[in-house]
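The structure file run-v4.tsv is reproduced below (TSV, C-alpha atoms and all ligand atoms).
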chain	number	residue	atom	x	y	z
A	292	MET	CA	-4.02	-26.15	6.12
A	293	SER	CA	-7.78	-26.46	6.24
A	294	SER	CA	-9.42	-26.04	2.86
A	295	GLN	CA	-12.08	-23.82	4.44
A	296	ASN	CA	-10.19	-21.45	6.70
A	297	ILE	CA	-6.91	-19.58	6.72
A	298	THR	CA	-5.07	-19.32	10.04
A	299	TRP	CA	-3.15	-16.08	10.34
A	300	GLY	CA	-0.13	-14.90	12.29
A	301	VAL	CA	1.15	-11.33	12.61
A	302	LEU	CA	4.82	-10.34	12.78
A	303	GLY	CA	5.28	-7.39	15.14
A	304	THR	CA	3.01	-5.33	17.35
A	305	ALA	CA	2.66	-2.48	14.86
A	306	ASN	CA	0.17	0.32	15.23
A	307	ILE	CA	-1.42	-0.37	11.83
A	308	GLY	CA	-2.02	-3.95	12.91
A	309	ARG	CA	-3.67	-2.84	16.15
A	310	VAL	CA	-5.95	-0.20	14.63
A	311	ALA	CA	-6.84	-1.60	11.21
A	312	VAL	CA	-5.55	-4.88	9.84
A	313	ILE	CA	-5.89	-7.13	12.90
A	314	PRO	CA	-9.57	-6.13	13.38
A	315	ALA	CA	-10.01	-6.71	9.62
A	316	ILE	CA	-8.54	-10.23	9.82
A	317	GLN	CA	-10.69	-10.94	12.87
A	318	ALA	CA	-13.80	-9.78	11.01
A	319	ALA	CA	-12.95	-11.39	7.68
A	320	GLY	CA	-14.71	-14.48	6.44
A	321	ARG	CA	-12.76	-17.76	6.26
A	322	SER	CA	-9.94	-16.31	8.43
A	323	THR	CA	-8.80	-17.09	11.96
A	324	LEU	CA	-6.16	-14.98	13.65
A	325	LEU	CA	-4.13	-17.40	15.71
A	326	GLY	CA	-0.88	-15.69	16.75
A	327	VAL	CA	1.22	-12.58	17.07
A	328	ALA	CA	5.00	-12.36	17.44
A	329	SER	CA	7.14	-9.60	18.87
A	330	ARG	CA	10.84	-9.09	19.41
A	331	THR	CA	10.07	-9.45	23.12
A	332	PRO	CA	7.81	-12.11	24.66
A	333	GLU	CA	6.29	-9.64	27.15
A	334	ARG	CA	5.16	-7.28	24.38
A	335	ALA	CA	3.81	-10.17	22.34
A	336	GLY	CA	1.84	-11.44	25.35
A	337	SER	CA	0.34	-8.10	26.37
A	338	PHE	CA	-0.52	-7.22	22.76
A	339	ALA	CA	-2.17	-10.62	22.26
A	340	ASP	CA	-4.27	-10.07	25.40
A	341	GLU	CA	-5.16	-6.54	24.38
A	342	VAL	CA	-6.43	-7.41	20.91
A	343	GLY	CA	-7.69	-10.92	21.57
A	344	ILE	CA	-5.18	-13.20	19.83
A	345	PRO	CA	-4.85	-16.70	21.33
A	346	ARG	CA	-1.12	-17.36	20.82
A	347	SER	CA	1.95	-15.14	21.29
A	348	TYR	CA	5.60	-15.71	20.45
A	349	GLY	CA	8.77	-13.99	21.68
A	350	SER	CA	10.35	-13.92	18.23
A	351	TYR	CA	9.20	-13.79	14.63
A	352	ALA	CA	11.03	-17.06	13.91
A	353	GLU	CA	8.97	-18.86	16.59
A	354	LEU	CA	5.74	-17.84	14.91
A	355	LEU	CA	7.04	-18.98	11.53
A	356	ALA	CA	7.83	-22.38	13.06
A	357	ASP	CA	4.19	-22.87	14.12
A	358	ASP	CA	2.68	-25.33	11.63
A	359	ASP	CA	-0.84	-24.27	12.59
A	360	ILE	CA	-0.29	-20.89	10.93
A	361	SER	CA	-0.77	-20.79	7.17
A	362	ALA	CA	-0.52	-17.05	6.35
A	363	VAL	CA	1.27	-14.09	7.87
A	364	TYR	CA	0.60	-10.39	7.83
A	365	ILE	CA	3.83	-8.36	7.98
A	366	PRO	CA	3.55	-4.78	9.29
A	367	LEU	CA	7.24	-4.35	10.10
A	368	PRO	CA	9.31	-1.25	9.20
A	369	ASN	CA	9.85	-1.08	5.44
A	370	ALA	CA	13.51	-2.10	5.58
A	371	LEU	CA	12.53	-5.42	7.19
A	372	HIS	CA	9.82	-6.47	4.71
A	373	ARG	CA	12.13	-8.33	2.34
A	374	GLU	CA	13.88	-10.40	5.01
A	375	TRP	CA	10.73	-11.47	6.84
A	376	ALA	CA	8.61	-12.04	3.75
A	377	ILE	CA	11.30	-14.36	2.39
A	378	ASN	CA	11.67	-16.12	5.77
A	379	ALA	CA	7.91	-16.54	5.92
A	380	ALA	CA	7.70	-17.91	2.38
A	381	ARG	CA	10.50	-20.38	3.09
A	382	ALA	CA	8.55	-21.50	6.16
A	383	GLY	CA	5.62	-22.21	3.84
A	384	LYS	CA	3.46	-19.24	4.88
A	385	HIS	CA	1.46	-17.09	2.49
A	386	VAL	CA	2.47	-13.44	2.88
A	387	LEU	CA	0.40	-10.28	3.04
A	388	CYS	CA	3.04	-7.58	3.52
A	389	GLU	CA	2.59	-3.89	4.20
A	390	LYS	CA	3.27	-1.20	1.63
A	391	PRO	CA	5.73	-0.36	0.24
A	392	LEU	CA	6.46	-4.04	-0.37
A	393	ALA	CA	10.24	-3.59	-0.16
A	394	MET	CA	13.02	-1.03	-0.44
A	395	ASP	CA	13.38	-1.36	-4.23
A	396	ALA	CA	12.27	-3.39	-7.23
A	397	ALA	CA	15.14	-5.88	-6.96
A	398	GLN	CA	14.03	-6.80	-3.44
A	399	CYS	CA	10.45	-7.26	-4.68
A	400	LEU	CA	11.67	-9.64	-7.37
A	401	GLU	CA	13.68	-11.64	-4.80
A	402	MET	CA	10.54	-11.90	-2.68
A	403	ASP	CA	8.54	-12.97	-5.71
A	404	GLN	CA	11.02	-15.74	-6.47
A	405	ALA	CA	11.00	-16.92	-2.86
A	406	GLY	CA	7.20	-17.01	-2.87
A	407	LYS	CA	7.03	-18.89	-6.17
A	408	ALA	CA	9.74	-21.36	-5.09
A	409	ALA	CA	7.78	-22.10	-1.93
A	410	GLY	CA	4.41	-22.23	-3.72
A	411	VAL	CA	2.88	-19.52	-1.52
A	412	LYS	CA	0.89	-16.38	-2.37
A	413	MET	CA	2.33	-12.94	-1.72
A	414	MET	CA	0.64	-9.54	-1.92
A	415	GLU	CA	1.36	-5.93	-1.00
A	416	ALA	CA	-1.22	-4.54	1.44
A	417	PHE	CA	-2.31	-1.47	-0.57
A	418	MET	CA	-5.84	-1.60	0.82
A	419	TYR	CA	-7.28	1.41	-1.04
A	420	ARG	CA	-7.34	-0.65	-4.26
A	421	PHE	CA	-9.98	-2.94	-2.77
A	422	HIS	CA	-12.37	-0.10	-1.97
A	423	PRO	CA	-15.32	-0.18	-4.44
A	424	ARG	CA	-14.84	3.55	-4.95
A	425	THR	CA	-11.35	2.99	-6.35
A	426	GLU	CA	-12.68	0.17	-8.50
A	427	ARG	CA	-15.45	2.46	-9.78
A	428	VAL	CA	-12.97	5.21	-10.73
A	429	ILE	CA	-10.80	2.65	-12.54
A	430	GLU	CA	-13.89	1.49	-14.46
A	431	MET	CA	-14.82	5.08	-15.36
A	432	VAL	CA	-11.30	5.78	-16.59
A	433	GLN	CA	-10.95	2.50	-18.50
A	434	SER	CA	-14.39	2.83	-20.08
A	435	GLY	CA	-13.15	5.98	-21.80
A	436	SER	CA	-15.95	8.07	-20.32
A	437	LEU	CA	-13.49	10.86	-19.44
A	438	GLY	CA	-11.85	10.65	-22.87
A	439	ALA	CA	-8.12	9.94	-23.08
A	440	VAL	CA	-6.49	10.60	-19.70
A	441	SER	CA	-4.28	13.68	-19.88
A	442	THR	CA	-3.06	14.01	-16.31
A	443	VAL	CA	-3.37	12.66	-12.77
A	444	GLU	CA	-2.86	14.89	-9.74
A	445	SER	CA	-2.53	13.42	-6.25
A	446	SER	CA	-1.53	14.32	-2.71
A	447	PHE	CA	-0.98	12.43	0.49
A	448	THR	CA	0.33	14.51	3.37
A	449	PHE	CA	0.08	14.45	7.15
A	450	ARG	CA	1.98	15.99	10.02
A	451	LEU	CA	4.00	13.49	12.02
A	452	ARG	CA	4.95	14.90	15.42
A	453	HIS	CA	7.00	12.04	16.90
A	454	ALA	CA	10.69	12.33	16.03
A	455	GLU	CA	11.31	8.69	16.98
A	456	ASN	CA	8.71	7.34	14.53
A	457	ILE	CA	9.98	4.72	12.03
A	458	ARG	CA	8.98	7.10	9.18
A	459	PHE	CA	11.81	9.47	10.16
A	460	SER	CA	14.42	6.70	10.11
A	461	HIS	CA	16.52	6.34	6.99
A	462	ALA	CA	17.81	2.94	8.15
A	463	LEU	CA	14.26	1.59	8.52
A	464	GLY	CA	13.14	2.81	5.10
A	465	GLY	CA	11.34	6.00	6.13
A	466	GLY	CA	10.63	9.21	4.25
A	467	ALA	CA	7.50	10.81	2.82
A	468	LEU	CA	7.72	9.08	-0.55
A	469	MET	CA	8.11	5.58	0.90
A	470	ASP	CA	5.39	6.17	3.47
A	471	VAL	CA	2.61	8.08	1.69
A	472	GLY	CA	3.95	9.15	-1.70
A	473	CYS	CA	3.89	5.45	-2.64
A	474	TYR	CA	0.07	5.78	-2.80
A	475	CYS	CA	0.35	8.74	-5.19
A	476	VAL	CA	2.74	6.82	-7.45
A	477	ASN	CA	0.46	3.80	-7.30
A	478	VAL	CA	-2.77	5.61	-8.10
A	479	SER	CA	-1.09	7.56	-10.91
A	480	ARG	CA	0.29	4.43	-12.59
A	481	THR	CA	-3.02	2.65	-12.09
A	482	MET	CA	-5.13	5.42	-13.61
A	483	VAL	CA	-2.74	6.09	-16.50
A	484	GLY	CA	-2.38	2.36	-17.15
A	485	GLU	CA	1.29	2.66	-18.12
A	486	GLU	CA	4.69	2.78	-16.45
A	487	PRO	CA	6.45	6.15	-16.27
A	488	SER	CA	9.20	6.76	-18.81
A	489	SER	CA	10.70	9.77	-17.04
A	490	VAL	CA	10.36	11.21	-13.53
A	491	SER	CA	11.65	14.14	-11.52
A	492	ALA	CA	11.25	15.23	-7.92
A	493	VAL	CA	12.22	17.94	-5.48
A	494	ALA	CA	12.39	17.20	-1.77
A	495	VAL	CA	12.74	19.07	1.51
A	496	PRO	CA	14.49	17.11	4.26
A	497	ALA	CA	13.00	16.45	7.68
A	498	PRO	CA	15.36	17.08	10.63
A	499	SER	CA	16.33	13.38	10.60
A	500	GLY	CA	17.54	13.63	6.99
A	501	VAL	CA	14.79	11.59	5.27
A	502	GLU	CA	12.69	13.53	2.79
A	503	GLY	CA	10.01	15.21	4.85
A	504	ARG	CA	8.20	16.61	1.85
A	505	LEU	CA	8.49	15.68	-1.83
A	506	THR	CA	6.87	16.93	-5.01
A	507	GLY	CA	7.12	14.58	-7.96
A	508	PHE	CA	6.40	14.57	-11.66
A	509	MET	CA	6.04	11.53	-13.92
A	510	SER	CA	5.62	11.37	-17.67
A	511	PHE	CA	4.34	8.28	-19.44
A	512	PRO	CA	5.05	6.87	-22.91
A	513	SER	CA	1.65	8.01	-24.26
A	514	GLY	CA	2.41	11.62	-23.22
A	515	THR	CA	0.12	11.48	-20.17
A	516	THR	CA	1.61	13.10	-17.08
A	517	ALA	CA	1.13	12.82	-13.32
A	518	HIS	CA	2.19	15.14	-10.56
A	519	PHE	CA	1.88	14.70	-6.83
A	520	ASP	CA	3.08	15.84	-3.47
A	521	CYS	CA	3.59	13.91	-0.26
A	522	SER	CA	4.70	15.00	3.16
A	523	LEU	CA	5.28	14.00	6.77
A	524	LEU	CA	5.41	17.68	7.77
A	525	ASP	CA	2.12	19.21	6.64
A	526	GLU	CA	-1.57	19.16	7.55
A	527	ARG	CA	-3.44	16.19	6.20
A	528	ARG	CA	-4.40	16.22	2.51
A	529	GLU	CA	-5.39	13.03	0.79
A	530	ARG	CA	-6.87	13.27	-2.69
A	531	TYR	CA	-6.49	12.49	-6.37
A	532	LEU	CA	-7.89	13.83	-9.60
A	533	VAL	CA	-7.93	12.08	-12.96
A	534	ALA	CA	-8.40	14.46	-15.89
A	535	GLY	CA	-9.31	13.54	-19.45
A	536	GLU	CA	-10.31	15.31	-22.64
A	537	ASP	CA	-14.02	15.12	-21.77
A	538	GLY	CA	-14.08	15.62	-18.01
A	539	TYR	CA	-12.40	14.82	-14.72
A	540	VAL	CA	-13.07	13.01	-11.47
A	541	GLU	CA	-11.98	14.16	-8.02
A	542	VAL	CA	-11.68	11.87	-5.01
A	543	GLU	CA	-11.21	13.27	-1.49
A	544	ASN	CA	-9.98	11.24	1.51
A	545	ALA	CA	-8.82	9.07	-1.30
A	546	PHE	CA	-6.86	6.35	0.44
A	547	LEU	CA	-8.31	6.24	3.96
A	548	PRO	CA	-12.00	7.09	3.64
A	549	GLY	CA	-12.93	5.13	6.78
A	550	GLU	CA	-16.09	3.07	6.72
A	551	THR	CA	-18.54	5.86	5.96
A	552	ASP	CA	-20.10	6.48	2.55
A	553	CYS	CA	-17.75	8.35	0.27
A	554	ASP	CA	-17.92	10.28	-2.97
A	555	ILE	CA	-16.54	10.53	-6.46
A	556	CYS	CA	-17.07	13.98	-7.93
A	557	GLU	CA	-17.38	13.90	-11.73
A	558	VAL	CA	-17.00	17.24	-13.49
A	559	ARG	CA	-17.82	18.02	-17.12
A	560	GLY	CA	-17.70	21.69	-17.91
A	561	ARG	CA	-18.04	24.62	-15.55
A	562	ASN	CA	-21.53	23.88	-14.19
A	563	ASN	CA	-21.82	20.17	-14.55
A	564	ARG	CA	-20.79	18.38	-11.35
A	565	THR	CA	-22.21	14.96	-10.48
A	566	VAL	CA	-21.50	13.38	-7.11
A	567	HIS	CA	-21.53	9.58	-7.09
A	568	THR	CA	-21.80	8.22	-3.55
A	569	VAL	CA	-20.29	4.83	-2.81
A	570	SER	CA	-21.40	2.89	0.29
A	571	GLY	CA	-18.93	2.68	3.13
A	572	VAL	CA	-16.92	-0.52	3.53
A	573	ASN	CA	-13.89	-1.73	5.45
A	574	GLU	CA	-11.27	-1.69	2.71
A	575	TYR	CA	-8.79	-3.61	4.89
A	576	GLN	CA	-11.29	-6.43	5.35
A	577	LEU	CA	-11.99	-6.59	1.61
A	578	MET	CA	-8.24	-6.82	0.99
A	579	VAL	CA	-7.84	-9.64	3.54
A	580	GLU	CA	-10.83	-11.51	2.09
A	581	HIS	CA	-9.44	-11.20	-1.44
A	582	PHE	CA	-6.09	-12.60	-0.30
A	583	THR	CA	-7.78	-15.41	1.64
A	584	ASP	CA	-9.86	-16.31	-1.42
A	585	CYS	CA	-6.69	-16.44	-3.53
A	586	ILE	CA	-5.11	-18.87	-1.09
A	587	LEU	CA	-8.18	-21.06	-0.78
A	588	ASN	CA	-8.94	-21.08	-4.52
A	589	ASP	CA	-5.29	-21.21	-5.57
A	590	SER	CA	-5.80	-18.12	-7.75
A	591	GLU	CA	-3.39	-15.24	-8.27
A	592	PRO	CA	-3.86	-12.03	-6.25
A	593	ARG	CA	-5.33	-9.22	-8.35
A	594	TYR	CA	-2.17	-7.20	-7.71
A	595	GLY	CA	0.96	-9.31	-7.94
A	596	VAL	CA	4.46	-8.75	-6.68
A	597	GLN	CA	5.57	-7.65	-10.17
A	598	GLU	CA	3.11	-4.76	-9.84
A	599	ALA	CA	4.73	-3.81	-6.53
A	600	ALA	CA	8.14	-3.98	-8.22
A	601	ALA	CA	6.96	-1.56	-10.91
A	602	ASN	CA	5.80	0.87	-8.22
A	603	MET	CA	9.18	0.61	-6.51
A	604	ARG	CA	11.00	1.24	-9.80
A	605	ALA	CA	9.24	4.60	-10.08
A	606	ILE	CA	9.86	5.41	-6.39
A	607	THR	CA	13.57	4.66	-6.66
A	608	ALA	CA	13.84	6.89	-9.74
A	609	LEU	CA	11.95	9.71	-8.00
A	610	LEU	CA	14.29	9.47	-5.00
A	611	ALA	CA	17.31	9.55	-7.31
A	612	SER	CA	15.97	12.68	-8.97
A	613	ALA	CA	15.29	14.33	-5.59
A	614	ARG	CA	18.85	13.54	-4.48
A	615	SER	CA	20.21	15.24	-7.61
A	616	GLY	CA	18.14	18.38	-6.97
A	617	GLY	CA	15.39	17.55	-9.48
A	618	GLU	CA	17.26	16.26	-12.54
A	619	PRO	CA	14.92	14.09	-14.67
A	620	VAL	CA	15.55	10.35	-14.45
A	621	VAL	CA	14.69	8.31	-17.53
A	622	LEU	CA	13.21	4.86	-17.02
A	623	ARG	CA	13.14	2.12	-19.59
A	624	ALA	CA	10.04	2.90	-21.65
A	625	GLU	CA	7.38	0.30	-20.93
A	626	ARG	CA	4.08	0.42	-22.70
A	627	GLY	CA	2.66	-2.40	-20.59
A	628	LYS	CA	-0.41	-1.80	-18.53
A	629	ALA	CA	0.16	-0.97	-14.86
A	630	LEU	CA	-2.88	-3.02	-13.99
B	1	LIG	N1	-1.83	0.21	4.83
B	1	LIG	C1	-1.91	1.18	5.72
B	1	LIG	O1	-2.96	1.82	5.91
B	1	LIG	C2	-0.70	1.50	6.56
B	1	LIG	C3	-0.81	2.47	7.55
B	1	LIG	C4	0.30	2.67	8.38
B	1	LIG	C5	1.46	1.95	8.18
B	1	LIG	N2	1.54	1.06	7.17
B	1	LIG	C6	2.78	0.28	6.96
B	1	LIG	O2	2.85	-0.66	8.02
B	1	LIG	C7	4.19	-0.84	8.45
B	1	LIG	C8	4.28	-0.54	9.93
B	1	LIG	O3	3.90	0.80	10.19
B	1	LIG	P1	3.43	1.26	11.67
B	1	LIG	O4	3.35	2.72	11.70
B	1	LIG	O5	2.25	0.49	12.09
B	1	LIG	O6	4.73	0.81	12.50
B	1	LIG	P2	5.01	0.76	14.06
B	1	LIG	O7	3.77	1.05	14.85
B	1	LIG	O8	6.22	1.57	14.32
B	1	LIG	O9	5.32	-0.79	14.27
B	1	LIG	C9	6.36	-1.46	13.62
B	1	LIG	C10	6.59	-2.76	14.39
B	1	LIG	O10	7.71	-3.41	13.84
B	1	LIG	C11	8.43	-4.09	14.83
B	1	LIG	N3	9.85	-3.77	14.67
B	1	LIG	C12	10.81	-4.67	14.33
B	1	LIG	N4	11.99	-4.08	14.23
B	1	LIG	C13	11.81	-2.78	14.54
B	1	LIG	C14	12.68	-1.68	14.65
B	1	LIG	N5	14.00	-1.79	14.43
B	1	LIG	N6	12.16	-0.49	14.99
B	1	LIG	C15	10.84	-0.36	15.21
B	1	LIG	N7	9.97	-1.37	15.13
B	1	LIG	C16	10.43	-2.58	14.80
B	1	LIG	C17	7.89	-3.65	16.17
B	1	LIG	O11	7.18	-4.74	16.73
B	1	LIG	P3	7.79	-5.64	17.91
B	1	LIG	O12	8.67	-4.76	18.73
B	1	LIG	O13	6.60	-6.09	18.62
B	1	LIG	O14	8.55	-6.77	17.28
B	1	LIG	C18	6.91	-2.52	15.85
B	1	LIG	O15	5.76	-2.58	16.65
B	1	LIG	C19	5.03	0.04	7.53
B	1	LIG	O16	5.48	-0.71	6.44
B	1	LIG	C20	4.04	1.09	7.03
B	1	LIG	O17	4.39	1.60	5.75
B	1	LIG	C21	0.47	0.82	6.37
Rendering of file as structure tokens:
Amino acid sequence: MSSQNITWGVLGTANIGRVAVIPAIQAAGRSTLLGVASRTPERAGSFADEVGIPRSYGSYAELLADDDISAVYIPLPNALHREWAINAARAGKHVLCEKPLAMDAAQCLEMDQAGKAAGVKMMEAFMYRFHPRTERVIEMVQSGSLGAVSTVESSFTFRLRHAENIRFSHALGGGALMDVGCYCVNVSRTMVGEEPSSVSAVAVPAPSGVEGRLTGFMSFPSGTTAHFDCSLLDERRERYLVAGEDGYVEVENAFLPGETDCDICEVRGRNNRTVHTVSGVNEYQLMVEHFTDCILNDSEPRYGVQEAAANMRAITALLASARSGGEPVVLRAERGKAL
């Protein structure tokens, strides 16, 4: 591996790679995108031509065997993240893997061990955390300027019209909570700064049987609460609100603001609204550059695999509650910071 540049490979010809993360790797500093692998050589070849990647491979294993590649980006269906992240780590590749990192916390911990044993970096690709707007809200919350946080509200919904999409497949790890609710759980834990001690959820199934819509509630050891809804069946809504004793902040288009300038609305009292505008950025590129820096500087990613495991612990408990019709599920009380 060159000490100045990271050579990347991509496992699978996923849509999110095509539209967001591959262009981000191609634009990122100190990164070169060398190869893409697909389950079929023809698809790998045509995808490589389409998006301008020099090498293509007819299987994921072939890409992992290429010594010129030092890091992989994994945008496979959720149920395949564990297997291919571990295979990649064992092949000596650093791993940037799509969210949610795995199917549950135990899988995350297995991946963590594999990464540590191989001496490679591993990170979940929750790009919204690298947007300066998210960082600014975290600073506002942690500075105490809103007073003690009392509750976090969040939503991530969109209407998915293709029945064959991986998000409707139980076997591939689909469902609204795994796909978009994971952002709500993540932003809630991040803003509260604790792990939930009890959760409950109610879900409505999609025709395929996965939860098409889910409303969740989390309570935290300090008494702070969070509630959210997520859906694959409803018009797009993407927002969060962090409320404290002294005020609240609202963030619209919270996770996918695009590259245009975007706002934080700070509210203190009925007539006191301040809009803070944050310059547009490519949050995917900032995420890739952070990960590349970690590899090149041998530093730990800002968000480690243990953090992903904590997110999955909450998701698994929420799904268990939804399956029982909304019975609360108690988690081991952890006062540790989510961040
Ligand atoms: N961070 C974000 O903004 C964001 C946005 C969307 C999705 N995601 C995440 O990215 C991942 C991929 O999502 P996507 O919507 O981009 O997926 P997608 O377009 O359906 O692509 C998934 C790829 O996985 C490969 N694959 C391997 N086994 C498969 C199987 N049994 N069925 C279907 N595909 C299979 C396929 O590539 P080959 O056939 O070429 O091998 C396929 O192109 C998911 O984990 C999702 O949660 C993240």
Discussion item. What does the structure give for the distance between atom CA of Ile344 of chain A and atom CA of Arg373 of chain A, in Å to one decimal?
Written reply: 25.1 Å
Discussion item. Around ligand LIG 1 (chain B), out to 9 Å and counting only C-alpha atoms and all ligand atoms, which residues are there? I want them as a PyMOL selection string.
Written reply: chain A and resi 302-312+327-332+334-335+338+349-351+365-372+388-393+416-419+456-458+460+462-465+469-471+546-547+575
Can you pull out every residue within 12 Å of segment 556-573 of chain A, counting all atoms listed in the file, but drop anything in the same chain fewer than 3 positions away, and send it as a short mmCIF file (atom, residue, chain, number, x, y, z; two decimals) with C-alpha atoms, keeping the file's coordinate frame?
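What landed in selection_22.cif:
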data_model
loop_
_atom_site.label_atom_id
_atom_site.label_comp_id
_atom_site.auth_asym_id
_atom_site.auth_seq_id
_atom_site.Cartn_x
_atom_site.Cartn_y
_atom_site.Cartn_z
CA ALA A 311 -6.84 -1.60 11.21
CA VAL A 312 -5.55 -4.88 9.84
CA PRO A 314 -9.57 -6.13 13.38
CA ALA A 315 -10.01 -6.71 9.62
CA ILE A 316 -8.54 -10.23 9.82
CA ALA A 318 -13.80 -9.78 11.01
CA ALA A 319 -12.95 -11.39 7.68
CA MET A 418 -5.84 -1.60 0.82
CA TYR A 419 -7.28 1.41 -1.04
CA ARG A 420 -7.34 -0.65 -4.26
CA PHE A 421 -9.98 -2.94 -2.77
CA HIS A 422 -12.37 -0.10 -1.97
CA PRO A 423 -15.32 -0.18 -4.44
CA ARG A 424 -14.84 3.55 -4.95
CA THR A 425 -11.35 2.99 -6.35
CA GLU A 426 -12.68 0.17 -8.50
CA ARG A 427 -15.45 2.46 -9.78
CA VAL A 428 -12.97 5.21 -10.73
CA MET A 431 -14.82 5.08 -15.36
CA VAL A 432 -11.30 5.78 -16.59
CA SER A 436 -15.95 8.07 -20.32
CA LEU A 437 -13.49 10.86 -19.44
CA GLY A 438 -11.85 10.65 -22.87
CA ARG A 530 -6.87 13.27 -2.69
CA TYR A 531 -6.49 12.49 -6.37
CA LEU A 532 -7.89 13.83 -9.60
CA VAL A 533 -7.93 12.08 -12.96
CA ALA A 534 -8.40 14.46 -15.89
CA GLY A 535 -9.31 13.54 -19.45
CA GLU A 536 -10.31 15.31 -22.64
CA ASP A 537 -14.02 15.12 -21.77
CA GLY A 538 -14.08 15.62 -18.01
CA TYR A 539 -12.40 14.82 -14.72
CA VAL A 540 -13.07 13.01 -11.47
CA GLU A 541 -11.98 14.16 -8.02
CA VAL A 542 -11.68 11.87 -5.01
CA GLU A 543 -11.21 13.27 -1.49
CA ALA A 545 -8.82 9.07 -1.30
CA PHE A 546 -6.86 6.35 0.44
CA LEU A 547 -8.31 6.24 3.96
CA PRO A 548 -12.00 7.09 3.64
CA GLY A 549 -12.93 5.13 6.78
CA GLU A 550 -16.09 3.07 6.72
CA THR A 551 -18.54 5.86 5.96
CA ASP A 552 -20.10 6.48 2.55
CA CYS A 553 -17.75 8.35 0.27
CA GLN A 576 -11.29 -6.43 5.35
CA LEU A 577 -11.99 -6.59 1.61
CA MET A 578 -8.24 -6.82 0.99
CA VAL A 579 -7.84 -9.64 3.54
CA GLU A 580 -10.83 -11.51 2.09
#
Item to complete: Please indicate the distance in Å from atom CA of Val386 of chain A to atom CA of Ile606 of chain A, rounded to one decimal place.
Response: 22.3 Å
Item to complete: Using all atoms listed in the file, determine which residues lie at most 10 Å from Ile360 of chain A, disregarding the query and same-chain residues fewer than 3 positions distant; provide the list as a ChimeraX atom specification.
Response: /A:292,297-301,323-326,354-357,363,383-385
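When only C-alpha atoms are used to measure the gap to Gly406 of chain A, the shortest distance among A:Glu502, A:Val443, A:Val493, A:Ala376 belongs to A:Ala376.
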Practice prompt. Using only C-alpha atoms, pick whichever of A:Glu444, A:Asp359, A:Glu341, A:Glu486 has the shortest atom-to-atom distance to Asn296 of chain A.
Written response: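 Nearest to Asn296 of chain A: A:Asp359.
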